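Below: run.tsv (TSV, C-alpha atoms and all ligand atoms)
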chain	number	residue	atom	x	y	z
B	1	MET	CA	-27.12	5.75	21.05
B	2	SER	CA	-30.64	5.17	19.81
B	3	LYS	CA	-32.03	6.41	16.53
B	4	SER	CA	-34.17	8.93	18.37
B	5	ASP	CA	-31.05	10.33	20.11
B	6	SER	CA	-29.47	11.34	16.82
B	7	GLN	CA	-32.80	12.63	15.49
B	8	LYS	CA	-33.37	14.85	18.52
B	9	SER	CA	-29.90	16.32	18.53
B	10	GLU	CA	-29.52	19.65	16.79
B	11	GLY	CA	-25.87	18.78	16.29
B	12	LEU	CA	-24.72	17.38	13.06
B	13	TYR	CA	-22.66	14.57	11.66
B	14	ILE	CA	-21.21	14.80	8.17
B	15	VAL	CA	-19.92	11.76	6.33
B	16	VAL	CA	-17.41	12.39	3.57
B	17	SER	CA	-16.64	9.65	1.07
B	18	ALA	CA	-14.40	9.71	-1.96
B	19	PRO	CA	-12.44	7.28	-4.06
B	20	SER	CA	-8.89	6.94	-2.82
B	21	GLY	CA	-6.62	9.62	-4.29
B	22	THR	CA	-9.40	12.16	-4.87
B	23	GLY	CA	-8.03	14.58	-2.30
B	24	LYS	CA	-10.37	13.88	0.60
B	25	THR	CA	-7.62	13.96	3.23
B	26	SER	CA	-6.28	17.28	1.92
B	27	ILE	CA	-9.79	18.78	2.00
B	28	LEU	CA	-10.74	17.39	5.42
B	29	ARG	CA	-7.52	18.50	7.10
B	30	LYS	CA	-8.03	22.07	5.97
B	31	VAL	CA	-11.75	22.21	6.79
B	32	LEU	CA	-11.04	20.81	10.26
B	33	ARG	CA	-8.49	23.56	10.83
B	34	MET	CA	-11.01	26.19	9.68
B	35	CYS	CA	-13.91	24.86	11.77
B	36	PRO	CA	-12.85	24.33	15.38
B	37	ASN	CA	-16.33	23.05	16.33
B	38	LEU	CA	-16.03	20.22	13.86
B	39	LEU	CA	-14.43	17.10	15.34
B	40	PHE	CA	-12.96	14.25	13.30
B	41	SER	CA	-14.09	10.70	14.03
B	42	VAL	CA	-10.82	8.76	14.13
B	43	SER	CA	-11.40	5.29	12.65
B	44	TYR	CA	-9.63	2.07	13.52
B	45	THR	CA	-7.68	0.37	10.75
B	46	THR	CA	-5.41	-2.59	10.22
B	47	ARG	CA	-3.63	-0.90	7.30
B	48	PRO	CA	-0.01	0.16	7.85
B	49	ARG	CA	0.61	3.77	8.74
B	50	ARG	CA	1.68	6.03	5.85
B	51	PRO	CA	4.48	8.55	6.26
B	52	GLY	CA	3.13	11.66	7.94
B	53	GLU	CA	0.15	9.90	9.52
B	54	GLU	CA	-0.24	9.98	13.29
B	55	ASP	CA	-1.67	7.19	15.41
B	56	GLY	CA	-4.74	8.46	17.25
B	57	LYS	CA	-5.11	11.45	14.93
B	58	ASP	CA	-5.50	10.09	11.41
B	59	TYR	CA	-6.43	6.57	12.47
B	60	TYR	CA	-5.97	4.21	15.38
B	61	PHE	CA	-3.59	1.73	13.76
B	62	ILE	CA	-4.24	-1.72	15.25
B	63	THR	CA	-3.54	-5.38	14.43
B	64	GLU	CA	-6.09	-7.61	12.76
B	65	LYS	CA	-6.43	-9.57	16.00
B	66	ALA	CA	-7.19	-6.40	17.97
B	67	PHE	CA	-9.69	-5.33	15.29
B	68	LYS	CA	-11.48	-8.69	15.42
B	69	ASP	CA	-11.61	-8.56	19.23
B	70	LYS	CA	-13.26	-5.15	19.02
B	71	LEU	CA	-15.66	-6.49	16.43
B	72	ASP	CA	-16.62	-9.37	18.73
B	73	GLU	CA	-17.21	-6.86	21.53
B	74	GLY	CA	-19.57	-4.84	19.31
B	75	GLU	CA	-17.33	-1.78	19.44
B	76	PHE	CA	-17.93	-0.57	15.87
B	77	ALA	CA	-20.77	1.60	14.62
B	78	GLU	CA	-19.91	0.17	11.19
B	79	TRP	CA	-16.91	-1.50	9.60
B	80	GLU	CA	-15.73	-2.58	6.16
B	81	GLU	CA	-12.82	-4.22	4.40
B	82	ASN	CA	-10.96	-2.06	1.92
B	83	TYR	CA	-7.97	-3.19	-0.15
B	84	GLY	CA	-7.44	-6.19	2.14
B	85	HIS	CA	-7.46	-4.08	5.32
B	86	LEU	CA	-10.17	-3.56	7.92
B	87	TYR	CA	-11.60	-0.13	8.73
B	88	GLY	CA	-14.14	0.65	11.44
B	89	THR	CA	-15.92	3.57	13.05
B	90	SER	CA	-15.75	3.39	16.83
B	91	LEU	CA	-19.20	3.23	18.37
B	92	LYS	CA	-17.82	4.77	21.57
B	93	THR	CA	-16.19	7.68	19.72
B	94	MET	CA	-19.35	8.32	17.78
B	95	LYS	CA	-21.47	8.23	20.95
B	96	GLU	CA	-19.09	10.52	22.84
B	97	LEU	CA	-18.83	12.96	19.98
B	98	LEU	CA	-22.53	13.02	19.37
B	99	HIS	CA	-23.04	13.77	23.05
B	100	SER	CA	-20.60	16.67	22.74
B	101	VAL	CA	-22.57	17.70	19.68
B	102	ARG	CA	-25.23	18.88	22.10
B	103	LYS	CA	-22.62	21.15	23.66
B	104	GLY	CA	-21.82	22.78	20.37
B	105	PHE	CA	-19.61	20.28	18.59
B	106	ASP	CA	-20.26	18.53	15.31
B	107	LEU	CA	-18.72	15.41	13.89
B	108	ILE	CA	-17.13	14.66	10.53
B	109	LEU	CA	-16.41	11.12	9.40
B	110	ASP	CA	-14.28	9.76	6.58
B	111	VAL	CA	-15.98	6.52	5.61
B	112	ASP	CA	-16.38	4.61	2.35
B	113	TRP	CA	-19.78	4.48	0.62
B	114	ARG	CA	-20.75	1.10	2.11
B	115	GLY	CA	-20.02	2.29	5.65
B	116	ALA	CA	-21.78	5.56	4.86
B	117	LYS	CA	-24.91	3.67	3.82
B	118	LYS	CA	-24.94	1.79	7.14
B	119	LEU	CA	-24.57	5.03	9.10
B	120	LYS	CA	-27.40	6.63	7.12
B	121	LYS	CA	-29.64	3.69	7.98
B	122	ASN	CA	-28.74	3.49	11.68
B	123	TYR	CA	-28.19	7.15	12.61
B	124	PRO	CA	-30.74	9.38	10.86
B	125	GLY	CA	-30.00	13.05	10.41
B	126	GLY	CA	-26.51	12.81	8.89
B	127	VAL	CA	-25.27	14.78	5.90
B	128	PHE	CA	-23.60	12.76	3.17
B	129	VAL	CA	-20.98	14.29	0.90
B	130	PHE	CA	-19.17	12.57	-1.96
B	131	ILE	CA	-16.00	14.03	-3.44
B	132	LEU	CA	-15.19	13.35	-7.08
B	133	PRO	CA	-12.00	13.99	-9.01
B	134	PRO	CA	-12.33	16.24	-12.06
B	135	SER	CA	-11.69	13.24	-14.32
B	136	THR	CA	-10.63	9.59	-14.17
B	137	ARG	CA	-7.27	10.54	-15.72
B	138	GLU	CA	-6.61	13.10	-13.03
B	139	LEU	CA	-7.56	10.54	-10.37
B	140	GLU	CA	-4.93	8.15	-11.73
B	141	ARG	CA	-2.35	10.95	-11.82
B	142	ARG	CA	-3.02	11.88	-8.18
B	143	LEU	CA	-2.90	8.30	-6.98
B	144	ARG	CA	0.44	7.74	-8.66
B	145	GLY	CA	1.68	11.18	-7.60
B	146	ARG	CA	1.02	10.47	-3.94
B	147	GLY	CA	3.74	7.85	-4.27
B	148	VAL	CA	3.07	5.94	-1.06
B	149	GLU	CA	1.71	2.68	-2.45
B	150	SER	CA	3.09	0.01	-4.77
B	151	LYS	CA	2.05	-0.02	-8.43
B	152	GLU	CA	-0.12	-3.06	-7.71
B	153	ASP	CA	-1.85	-1.28	-4.82
B	154	ILE	CA	-2.45	1.81	-6.94
B	155	ASP	CA	-3.97	-0.30	-9.74
B	156	LYS	CA	-6.28	-1.91	-7.16
B	157	ARG	CA	-7.28	1.47	-5.73
B	158	LEU	CA	-7.94	2.89	-9.20
B	159	ALA	CA	-10.17	-0.03	-10.26
B	160	LYS	CA	-12.07	0.17	-6.96
B	161	ALA	CA	-12.40	3.96	-7.22
B	162	LEU	CA	-14.08	3.73	-10.59
B	163	ASP	CA	-16.43	1.08	-9.25
B	164	GLU	CA	-17.25	3.16	-6.15
B	165	ILE	CA	-18.23	6.19	-8.21
B	166	LYS	CA	-21.16	4.23	-9.65
B	167	GLY	CA	-22.80	4.01	-6.21
B	168	ILE	CA	-23.08	7.71	-5.31
B	169	VAL	CA	-26.63	8.57	-6.33
B	170	TRP	CA	-28.03	8.73	-2.80
B	171	TYR	CA	-25.47	11.22	-1.40
B	172	ASP	CA	-26.78	14.68	-0.46
B	173	TYR	CA	-23.90	16.66	-1.98
B	174	ILE	CA	-21.22	16.12	-4.62
B	175	ILE	CA	-18.00	18.14	-4.63
B	176	PHE	CA	-15.65	18.09	-7.61
B	177	ASN	CA	-12.11	18.47	-6.35
B	178	ASP	CA	-10.73	20.34	-9.32
B	179	HIS	CA	-9.28	23.34	-7.51
B	180	LEU	CA	-8.41	22.34	-3.97
B	181	GLU	CA	-9.26	25.72	-2.40
B	182	THR	CA	-12.71	25.73	-4.07
B	183	ALA	CA	-13.42	22.20	-2.87
B	184	ILE	CA	-12.40	23.18	0.69
B	185	ASP	CA	-14.65	26.23	0.53
B	186	THR	CA	-17.55	24.13	-0.79
B	187	LEU	CA	-17.31	21.60	2.04
B	188	ARG	CA	-17.11	24.38	4.61
B	189	SER	CA	-20.12	26.07	2.97
B	190	ILE	CA	-22.13	22.84	3.12
B	191	TYR	CA	-21.35	22.64	6.83
B	192	VAL	CA	-22.35	26.26	7.43
B	193	ALA	CA	-25.56	25.90	5.40
B	194	GLU	CA	-26.54	22.67	7.17
B	195	LYS	CA	-25.95	24.35	10.57
B	196	SER	CA	-28.33	27.13	9.50
B	197	LYS	CA	-31.24	24.82	8.69
B	198	ARG	CA	-34.36	25.83	10.57
B	199	GLU	CA	-35.00	22.38	12.01
B	200	ARG	CA	-31.52	22.31	13.54
B	201	LEU	CA	-32.15	25.67	15.22
B	202	ALA	CA	-35.50	24.74	16.75
B	203	SER	CA	-34.52	25.45	20.36
B	204	LYS	CA	-33.01	28.84	19.49
B	205	ILE	CA	-36.11	29.81	17.52
B	206	LYS	CA	-38.29	28.75	20.45
B	207	GLU	CA	-36.60	31.37	22.60
B	208	PHE	CA	-37.81	34.11	20.21
B	209	ILE	CA	-41.27	32.71	19.81
B	210	ALA	CA	-41.70	32.40	23.58
B	211	LEU	CA	-41.19	36.17	24.01
E	1	LIG	P1	-7.28	10.88	-0.54
E	1	LIG	O1	-7.30	11.19	0.93
E	1	LIG	O2	-8.62	11.11	-1.18
E	1	LIG	O3	-6.73	9.53	-0.87
E	1	LIG	P2	-5.13	12.89	-0.75
E	1	LIG	O4	-5.66	14.07	-0.02
E	1	LIG	O5	-4.08	12.04	-0.11
E	1	LIG	O6	-6.33	11.95	-1.27
E	1	LIG	O7	-4.63	13.44	-2.17
E	1	LIG	C1	-4.04	12.60	-3.16
E	1	LIG	C2	-2.99	13.42	-3.93
E	1	LIG	O8	-3.65	14.41	-4.75
E	1	LIG	C3	-2.05	14.19	-3.00
E	1	LIG	O9	-0.76	14.16	-3.56
E	1	LIG	C4	-2.65	15.61	-2.99
E	1	LIG	O10	-1.67	16.60	-2.74
E	1	LIG	C5	-3.18	15.72	-4.42
E	1	LIG	N1	-4.35	16.62	-4.56
E	1	LIG	C6	-5.41	16.74	-3.73
E	1	LIG	N2	-6.30	17.65	-4.19
E	1	LIG	C7	-5.79	18.14	-5.34
E	1	LIG	C8	-6.22	19.12	-6.30
E	1	LIG	N3	-7.38	19.76	-6.20
E	1	LIG	N4	-5.43	19.36	-7.36
E	1	LIG	C9	-4.25	18.69	-7.50
E	1	LIG	N5	-3.77	17.76	-6.66
E	1	LIG	C10	-4.52	17.47	-5.58
E	2	LIG	P1	-7.22	5.04	3.18
E	2	LIG	O1	-6.49	3.73	3.34
E	2	LIG	O2	-6.94	5.69	1.84
E	2	LIG	O3	-7.00	5.98	4.34
E	2	LIG	O4	-8.77	4.72	3.20
E	2	LIG	C1	-9.30	3.73	2.35
E	2	LIG	C2	-10.82	3.78	2.38
E	2	LIG	O5	-11.30	3.41	3.67
E	2	LIG	C3	-11.40	5.16	2.10
E	2	LIG	O6	-12.48	4.99	1.18
E	2	LIG	C4	-11.90	5.64	3.44
E	2	LIG	O7	-13.01	6.50	3.33
E	2	LIG	C5	-12.32	4.32	4.04
E	2	LIG	N1	-12.45	4.36	5.49
E	2	LIG	C6	-11.66	5.00	6.39
E	2	LIG	N2	-12.11	4.79	7.64
E	2	LIG	C7	-13.23	4.03	7.53
E	2	LIG	C8	-14.18	3.50	8.47
E	2	LIG	O8	-14.09	3.69	9.67
E	2	LIG	N3	-15.19	2.76	7.95
E	2	LIG	C9	-15.33	2.52	6.62
E	2	LIG	N4	-16.39	1.80	6.22
E	2	LIG	N5	-14.47	2.99	5.71
E	2	LIG	C10	-13.44	3.74	6.16
Taking this structure as input, can you express it in the form of structure tokens?
Ligand code: ADP
Ligand code: 5GP
Amino acid sequence: MSKSDSQKSEGLYIVVSAPSGTGKTSILRKVLRMCPNLLFSVSYTTRPRRPGEEDGKDYYFITEKAFKDKLDEGEFAEWEENYGHLYGTSLKTMKELLHSVRKGFDLILDVDWRGAKKLKKNYPGGVFVFILPPSTRELERRLRGRGVESKEDIDKRLAKALDEIKGIVWYDYIIFNDHLETAIDTLRSIYVAEKSKRERLASKIKEFIAL
């Protein structure tokens, strides 16, 4: 996909980033259920599957060797290492989904801020949303409450989360995940508002003007 492809498309891609434990998964799952035209870009990762996660739905869980082979083949739109594991956005998935975008589908991606920055540079026209916890204390409570990682892993995620928050100034929108339902509604509202932007409706407007 060239830069001009994504610029021309009236479809939309939304990148959502958040420090681990903020509630991004909870928010995304609900918004995806509410917005059937919004498709999730399933990333590849070498991290082990957590209870409740499904291969091919939450992530494609692959070995480090398989990840590196894909990397050599240029199969990622972007990739990063997080907490000792590799995460990558499939170039093919992104291309396919952005093609469907023209048939009425939009794309939502869960990518860290470094990956988000690369996407912003290479695929203009995206919408970038950062989710923040109400406080650093609450972030720690949620990370520990999730109870799926070791204490050492949680400490790593907490330190990284606080570091990540410093790099958010260029995002288009910030959502505080204080009340989950409000945060879900805010993300859905951002999507609806972005879909209503005049420049994204150019071809529909043309139909009226041509009359
Ligand atoms: P992430 O995907 O950002 O790592 P999760 O969605 O897994 O975060 O949420 C981390 C934990 O915080 C989960 O136990 C989840 O139920 C809880 N959580 C999410 N949002 C809220 C909220 N607004 N208030 C209280 N707890 C929340
Ligand atoms: P988790 O292990 O909690 O699912 O995700 C850890 C971090 O990796 C999160 O910040 C998440 O946004 C990020 N992440 C997930 N998929 C990708 C991806 O494809 N690319 C990049 N750069 N980050 C990703």
May I ask you to write as a PyMOL selection string all residues lying at most 12 Å from ligand LIG 1 (chain E), with all atoms listed in the file counted? chain B and resi 16-30+50-53+58+110-112+130-135+137-149+154+157-158+161+175-185
Between atom CA of B:Leu91 and atom CA of B:Val192, what is the distance, to one decimal in Å?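 So the answer is 25.7 Å.
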Counting all atoms listed in the file, what are the residues, protein, DNA or RNA alike, that approach ligand LIG 2 (chain E) to within 8 Å? I want them as a PyMOL selection string. chain B and resi 16-21+42-45+47+59+78-83+87-90+109-116
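Minimum atom-to-atom distance to B:Val169, evaluated using all atoms listed in the file, belongs to B:Phe128 out of B:Lys204, B:Leu38, B:Phe128, B:Leu12.
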With only C-alpha atoms as the atoms that count, which of B:Ile209, B:Asp155, B:Lys65, B:Lys117 lies nearest to B:Ile168?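 Ranked by minimum distance to B:Ile168, first place goes to B:Lys117.
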Taking all atoms listed in the file into account, which of B:Lys166, B:Arg198, B:Arg188, B:Lys92 comes nearest B:Ile108?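 Using all atoms listed in the file, B:Ile108 sits closest to B:Arg188.
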With all atoms listed in the file as the basis for distance, which of B:Lys206, B:Ile62, B:His85, B:Ala77 is at the shortest distance from B:Asp153?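 Among the listed residues, B:His85 lies closest to B:Asp153.
Taking atom CA of B:Val31 and atom CA of B:Asp172 as endpoints, the distance between them is 18.3 Å.
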Hey, can you check how far atom CA of B:Glu194 sits from atom CA of B:Ile165?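 Interatomic distance here is 24.0 Å.
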Might you pull out every residue within 8 Å of B:Glu64, with all atoms listed in the file counted and same-chain residues fewer than 4 positions away left off, and present them as a ChimeraX atom specification? /B:46,68,86
Box dimensions and centre (Å, one decimal) enclosing stretch 143-149 of chain B, axis-aligned, 5 Å extra per side, as AutoDock Vina command-line options:
--center_x 0.4 --center_y 6.9 --center_z -4.9 --size_x 16.6 --size_y 18.5 --size_z 17.6
